[in-house]
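This is input_24.txt. It holds compact mmCIF, C-alpha atoms.
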# COMPACT_ATOMS: atom_id res chain seq x y z
CA MET A 1 40.64 -19.33 -0.76
CA PHE A 2 43.00 -20.52 -3.50
CA ALA A 3 42.56 -24.13 -2.33
CA VAL A 4 38.91 -24.06 -3.38
CA GLY A 5 38.51 -25.89 -6.68
CA PHE A 6 41.85 -27.68 -6.59
CA GLY A 7 42.86 -31.19 -5.55
CA THR A 8 41.30 -34.63 -5.77
CA GLY A 9 37.70 -34.55 -6.96
CA ASN A 10 37.85 -30.92 -8.02
CA LEU A 11 38.05 -29.18 -11.34
CA ILE A 12 41.85 -28.86 -11.43
CA LEU A 13 44.14 -31.43 -9.83
CA ASP A 14 47.07 -30.30 -7.72
CA SER A 15 49.43 -32.15 -10.08
CA TYR A 16 48.20 -30.08 -13.04
CA ARG A 17 48.42 -26.86 -11.04
CA LEU A 18 52.00 -27.77 -10.13
CA GLY A 19 52.78 -28.38 -13.82
CA TYR A 20 51.33 -24.98 -14.67
CA LEU A 21 53.49 -23.28 -12.05
CA GLN A 22 56.59 -25.16 -13.16
CA ASP A 23 55.99 -24.15 -16.78
CA ALA A 24 55.39 -20.55 -15.72
CA GLN A 25 58.67 -20.57 -13.85
CA ALA A 26 60.62 -22.21 -16.69
CA ASN A 27 58.91 -20.10 -19.39
CA PRO A 28 57.97 -16.87 -17.63
CA ASP A 29 55.80 -14.16 -18.99
CA GLY A 30 56.28 -10.49 -18.27
CA GLY A 31 54.05 -10.60 -15.21
CA PHE A 32 55.00 -13.79 -13.36
CA PRO A 33 57.10 -14.70 -11.50
CA THR A 34 58.91 -11.38 -12.06
CA VAL A 35 57.21 -8.32 -13.51
CA THR A 36 59.12 -7.17 -16.58
CA THR A 37 57.39 -6.21 -19.84
CA GLY A 38 53.88 -7.27 -18.83
CA LEU A 39 53.60 -9.33 -22.04
CA THR A 40 52.42 -12.92 -22.12
CA ALA A 41 54.94 -15.81 -22.27
CA ALA A 42 56.66 -16.16 -25.63
CA SER A 43 57.02 -19.94 -25.59
CA PRO A 44 55.05 -21.77 -22.90
CA GLN A 45 55.40 -25.57 -23.00
CA LEU A 46 52.27 -26.68 -21.15
CA PRO A 47 49.44 -27.32 -23.66
CA TRP A 48 46.97 -25.22 -21.68
CA ARG A 49 49.35 -22.25 -21.58
CA GLN A 50 50.00 -22.68 -25.33
CA ALA A 51 46.25 -22.64 -26.00
CA LEU A 52 45.84 -19.55 -23.82
CA GLN A 53 48.67 -17.85 -25.71
CA ARG A 54 47.03 -18.57 -29.08
CA MET A 55 43.61 -17.44 -27.85
CA ILE A 56 44.94 -14.31 -26.15
CA CYS A 57 46.89 -13.07 -29.16
CA ALA A 58 44.20 -14.10 -31.65
CA THR A 59 41.49 -12.17 -29.82
CA GLY A 60 43.65 -9.38 -28.42
CA CYS A 61 41.90 -9.62 -25.04
CA PRO A 62 43.29 -6.54 -23.27
CA TRP A 63 42.91 -7.88 -19.74
CA LEU A 64 45.07 -10.83 -20.78
CA ARG A 65 47.95 -8.63 -21.95
CA CYS A 66 48.37 -9.03 -25.66
CA SER A 67 48.99 -6.02 -27.87
CA PHE A 68 46.57 -3.61 -26.23
CA ALA A 69 47.24 0.08 -25.94
CA ALA A 70 44.94 2.42 -24.06
CA VAL A 71 44.00 5.41 -26.18
CA MET A 72 41.70 7.00 -23.63
CA SER A 73 41.20 6.97 -19.89
CA THR A 74 40.73 3.54 -18.34
CA ARG A 75 39.72 2.37 -14.86
CA SER A 76 39.97 -1.08 -13.35
CA CYS A 77 38.66 -2.45 -10.11
CA PHE A 78 41.48 -3.92 -8.07
CA TRP A 79 41.93 -7.67 -8.29
CA LEU A 80 44.99 -9.92 -8.44
CA ASN A 81 46.61 -8.72 -11.67
CA THR A 82 45.19 -5.20 -11.90
CA GLN A 83 48.41 -3.41 -10.91
CA LEU A 84 50.26 -5.36 -13.61
CA MET A 85 47.66 -4.32 -16.17
CA GLN A 86 47.75 -0.70 -15.03
CA ASN A 87 51.51 -0.56 -15.58
CA TYR A 88 51.28 -2.44 -18.90
CA TRP A 89 48.57 -0.18 -20.30
CA ALA A 90 50.17 3.02 -19.02
CA GLY A 91 53.41 2.23 -20.86
CA ASP A 92 51.92 3.00 -24.28
CA ALA A 93 49.05 5.31 -23.35
CA PRO A 94 49.01 8.89 -24.63
CA ALA A 95 49.42 11.61 -22.02
CA SER A 96 45.71 12.40 -22.26
CA ALA A 97 44.75 8.88 -21.13
CA SER A 98 44.47 8.40 -17.38
CA ILE A 99 45.02 4.76 -16.38
CA GLY A 100 43.59 4.23 -12.91
CA VAL A 101 42.70 1.52 -10.45
CA LEU A 102 39.87 1.54 -7.95
CA ASP A 103 40.85 -0.38 -4.82
CA LEU A 104 37.69 -0.69 -2.75
CA GLU A 105 39.83 -1.75 0.22
CA ALA A 106 41.94 1.43 0.15
CA PRO A 107 41.22 4.06 2.79
CA VAL A 108 39.00 6.96 1.83
CA SER A 109 40.97 10.13 1.19
CA THR A 110 39.95 13.74 0.75
CA SER A 111 38.44 14.43 -2.67
CA ASP A 112 38.06 10.67 -3.27
CA ALA A 113 35.52 10.27 -6.06
CA TYR A 114 34.71 6.78 -4.79
CA THR A 115 34.10 7.55 -1.10
CA ASN A 116 30.49 6.35 -1.16
CA LEU A 117 31.37 3.15 -3.01
CA LYS A 118 34.22 2.34 -0.62
CA GLN A 119 32.02 2.96 2.41
CA GLY A 120 29.20 0.91 0.90
CA PHE A 121 31.58 -1.92 0.14
CA GLN A 122 32.85 -1.98 3.72
CA ALA A 123 29.26 -2.00 4.98
CA ALA A 124 28.37 -4.89 2.63
CA LYS A 125 31.33 -6.92 3.93
CA THR A 126 30.21 -6.21 7.50
CA VAL A 127 26.69 -7.45 6.72
CA VAL A 128 27.98 -10.67 5.12
CA ALA A 129 30.26 -11.31 8.11
CA ALA A 130 27.50 -10.54 10.64
CA ASN A 131 25.04 -12.88 8.87
CA ALA A 132 27.64 -15.65 8.90
CA VAL A 133 28.18 -15.18 12.64
CA LEU A 134 24.42 -15.31 13.21
CA GLN A 135 24.39 -18.62 11.33
CA GLY A 136 27.12 -20.03 13.57
CA ALA A 137 30.41 -18.96 11.98
CA THR A 138 33.18 -18.94 14.55
CA ASP A 139 35.70 -16.97 12.48
CA GLY A 140 33.92 -13.63 12.69
CA GLY A 141 32.50 -14.21 9.22
CA ALA A 142 35.89 -14.07 7.48
CA ALA A 143 35.28 -17.24 5.43
CA ALA A 144 31.88 -16.00 4.29
CA VAL A 145 33.37 -12.70 3.17
CA ALA A 146 36.20 -14.50 1.32
CA GLU A 147 33.72 -16.81 -0.42
CA ALA A 148 31.44 -13.97 -1.51
CA TYR A 149 34.21 -11.47 -2.17
CA HIS A 150 34.77 -11.36 -5.92
CA ALA A 151 31.47 -12.27 -7.54
CA THR A 152 28.97 -11.13 -4.93
CA LEU A 153 30.57 -8.34 -2.92
CA VAL A 154 32.96 -6.55 -5.27
CA ALA A 155 31.04 -6.87 -8.53
CA PRO A 156 28.15 -4.44 -7.89
CA PHE A 157 30.51 -1.77 -6.58
CA CYS A 158 32.84 -2.12 -9.56
CA VAL A 159 29.88 -1.93 -11.94
CA ALA A 160 28.69 1.24 -10.19
CA ALA A 161 32.21 2.72 -10.47
CA ALA A 162 32.36 1.84 -14.17
CA LYS A 163 28.95 3.40 -14.77
CA SER A 164 30.05 6.55 -12.96
CA PHE A 165 33.35 6.68 -14.85
CA PHE A 166 31.77 6.24 -18.28
CA SER A 167 29.00 8.75 -17.57
CA ASN A 168 31.70 11.39 -18.14
CA TYR A 169 31.96 10.43 -21.83

Would you mind giving the structure from this file in structure tokens?
Amino acid sequence: MFAVGFGTGNLILDSYRLGYLQDAQANPDGGFPTVTTGLTAASPQLPWRQALQRMICATGCPWLRCSFAAVMSTRSCFWLNTQLMQNYWAGDAPASASIGVLDLEAPVSTSDAYTNLKQGFQAAKTVVAANAVLQGATDGGAAAVAEAYHATLVAPFCVAAAKSFFSNY
């Protein structure tokens, strides 16, 4: 999945991606390659990382980890850096603020407020996989699920979870 969009003829060349990773290793932030403070890199050298640093701190985008403190309960749908964000936000949150993560892939447990969403998400993945198989996929539909995962499959369930969460306020 991560190979999509990279390489010759794509949006980002492998050589640039390698440069990004090398800069991230030489000038780490608090989330990669080792989780420490959760803060963004203090002095990245790659121009793109420098621009991101300026933009992040200028706008204070919370999901990009620059001077954000949760003052009330927050929920995130699980995706690559969500656990990092959960830990970062929870560090400065008042005791009254619950910082949570919804992982639609996690098993349903007793008193799980998101049982219906998790079951619906699993059913949606099954439908996407089955349709791919009907159209000739030989991998059980795994590639179709991976391609549709973030924007098509997860999004409506995360929106429904957010709507449910915020209906309490």

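With atom CA of A:Leu117 on one side and atom CA of A:Cys158 on the other, the separation reads 8.5 Å.
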
With a distance cut-off of 8 Å and all atoms listed in the file, select the neighbouring residues of A:Cys77, excluding the residue or stretch itself and same-chain residues fewer than 2 positions from it, and output the selection as a ChimeraX atom specification. /A:75,79,82,101-104,158

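Between atom CA of A:Leu11 and atom CA of A:Trp48 lies a distance of 14.2 Å.
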
Please, what distance in Å, to one decimal, runs between atom CA of A:Ala26 and atom CA of A:Trp89? 25.4 Å

Residues within 9 Å of (55.0, -17.8, -24.0), file coordinates, counting only C-alpha atoms: what are they? Give the list as a short mmCIF file (atom, residue, chain, number, x, y, z; two decimals) with C-alpha atoms, in the frame of the given file.
data_model
loop_
_atom_site.label_atom_id
_atom_site.label_comp_id
_atom_site.auth_asym_id
_atom_site.auth_seq_id
_atom_site.Cartn_x
_atom_site.Cartn_y
_atom_site.Cartn_z
CA ALA A 24 55.39 -20.55 -15.72
CA ASN A 27 58.91 -20.10 -19.39
CA PRO A 28 57.97 -16.87 -17.63
CA ASP A 29 55.80 -14.16 -18.99
CA LEU A 39 53.60 -9.33 -22.04
CA THR A 40 52.42 -12.92 -22.12
CA ALA A 41 54.94 -15.81 -22.27
CA ALA A 42 56.66 -16.16 -25.63
CA SER A 43 57.02 -19.94 -25.59
CA PRO A 44 55.05 -21.77 -22.90
CA GLN A 45 55.40 -25.57 -23.00
CA ARG A 49 49.35 -22.25 -21.58
CA GLN A 50 50.00 -22.68 -25.33
CA GLN A 53 48.67 -17.85 -25.71
#

Go through A:Pro156, A:Pro107, A:Gly100, A:Gly19 one by one, measure the shortest atom-to-atom distance of each to A:Leu84 using all atoms listed in the file, and give the residue with the smallest value. A:Gly100

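Residue nearest A:Thr36, chosen from A:Met85, A:Ala106, A:Val133, A:Ala123 and counting all atoms listed in the file: A:Met85.
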
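The nearest approach to A:Thr115 among the residues A:Phe157, A:Gln135, A:Asp14, A:Gln22, with all atoms listed in the file taken into account, belongs to A:Phe157.
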
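Nearest-residue note for A:Tyr114: choosing from A:Ala160, A:Ala151, A:Ala142, A:Ala132, the minimum distance belongs to A:Ala160, counting only C-alpha atoms.
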
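Among the candidates A:Gly31, A:Ser76, A:Leu134, A:Ser15, the one nearest to A:Val159 when counting only C-alpha atoms is A:Ser76.
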
For the point (32.6, -11.0, 2.9) in file coordinates, what residues are within 6 Å, counting only C-alpha atoms? Give the answer as a ChimeraX atom specification? /A:125,128-129,144-146,148-149
